[in-house]
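Colleague: One structure, as structure tokens, below. Some questions next.
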Amino acid sequence: MQFNYTTKLLAISLALVSLYSCKEEEKPKQEPVVLTPKASFTNSTEPEEWGPLYNIKESSNAHSGKHVSVIDSANLYSLGLMKPVSAISKEKFDSVSYTYWIYLKNAAATAKSVVSIDDIAGKNIFWAGNIVNEKAKEVNKWIEVKDGFKLPSAINPDHFIKLYIWNTSKEEILLDDFSVTFY
């Protein structure tokens, strides 16, 4: 079978159209989303405005400074940030970043990072907990844990926010150098 010039030109044109239609469309580059902090708080486990203070102990094994927050069978909840929303920021925020250092003394130790929001009457309206052991798996070593939570849109200035670590195993766990940023 012999092709004439017009047939060859038509075949090449169809091939080019086919190739062009298969080409992936270039999408405009999107700039990364940069979140602007609304408020930040830190505590190196030296007694300050955070609470509860009963589980802060002096320790030669602190990550920094001289004190750690100890959670165990007697103290299930760590030092934590506890503030009314109005004392955190005048701007609305919808998420929180929570960073701290943890020292697990044995493999049986388990804990959760927790954010809790109570209304003005003290009734809990929101609670979320993330398993720490998914991020901190090694024992007898200080490990930095970075966690985050999406907050409900229905929080108002009278609500009270708490961030803390909950010991779910009752094994001794040390915590130090907390940092909280609201976005």
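Convention: chains lettered A, B, ... in structure tokens order; per-chain residue numbering from 1; ligands numbered from 1 as shown.
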Would you pick out the contacts of stretch 128-136 of chain A at 8 Å or less, using only C-alpha atoms, so that residues sharing its chain but fewer than 6 positions from it are not included, and give the list as a PyMOL selection string?
Modeller: chain A and resi 102+110-116+143-145+147+149
Colleague: How about saving the chosen residues, C-alpha atoms kept, as a tab-separated table (two decimals), in the first residue's frame?
Modeller:
chain	number	residue	atom	x	y	z
A	102	ILE	CA	9.48	13.49	76.66
A	110	THR	CA	2.20	5.30	77.13
A	111	ALA	CA	0.67	8.77	77.00
A	112	LYS	CA	-1.52	11.13	74.98
A	113	SER	CA	-1.12	14.79	74.05
A	114	VAL	CA	-4.46	16.38	74.94
A	115	VAL	CA	-6.36	19.57	74.15
A	116	SER	CA	-9.55	20.19	76.07
A	143	ILE	CA	12.70	12.97	72.37
A	144	GLU	CA	11.04	16.07	70.97
A	145	VAL	CA	7.35	15.59	70.20
A	147	ASP	CA	1.81	17.67	67.86
A	149	PHE	CA	-4.85	19.99	66.88
Colleague: Taking the chain letters and numbering used in this document, name the residues of stretch 28-180 of chain A that DSSP puts in strand (DSSP E or B), as an MDAnalysis selection string.
Modeller: chainID A and resid 39:43 51 56:58 67:71 77 80:84 95:104 111:118 124:131 142:150 160:167 173:180
Colleague: Kindly give the distance, in Å, that separates atom CA of A:Ala62 and atom CA of A:Val139, rounded to a single decimal.
Modeller: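 Taking atom CA of A:Ala62 as the start and atom CA of A:Val139 as the end point, the length is 14.8 Å.
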Colleague: Do you have the atom CA of A:Pro152-atom CA of A:Trp166 distance handy?
Modeller: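 Calculated distance between atom CA of A:Pro152 and atom CA of A:Trp166 is 20.9 Å.
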Colleague: When distances are computed from only C-alpha atoms, which of A:Ala121, A:Trp101, A:Tyr183, A:Asn61 shows the smallest separation from A:Lys38?
Modeller: A:Tyr183
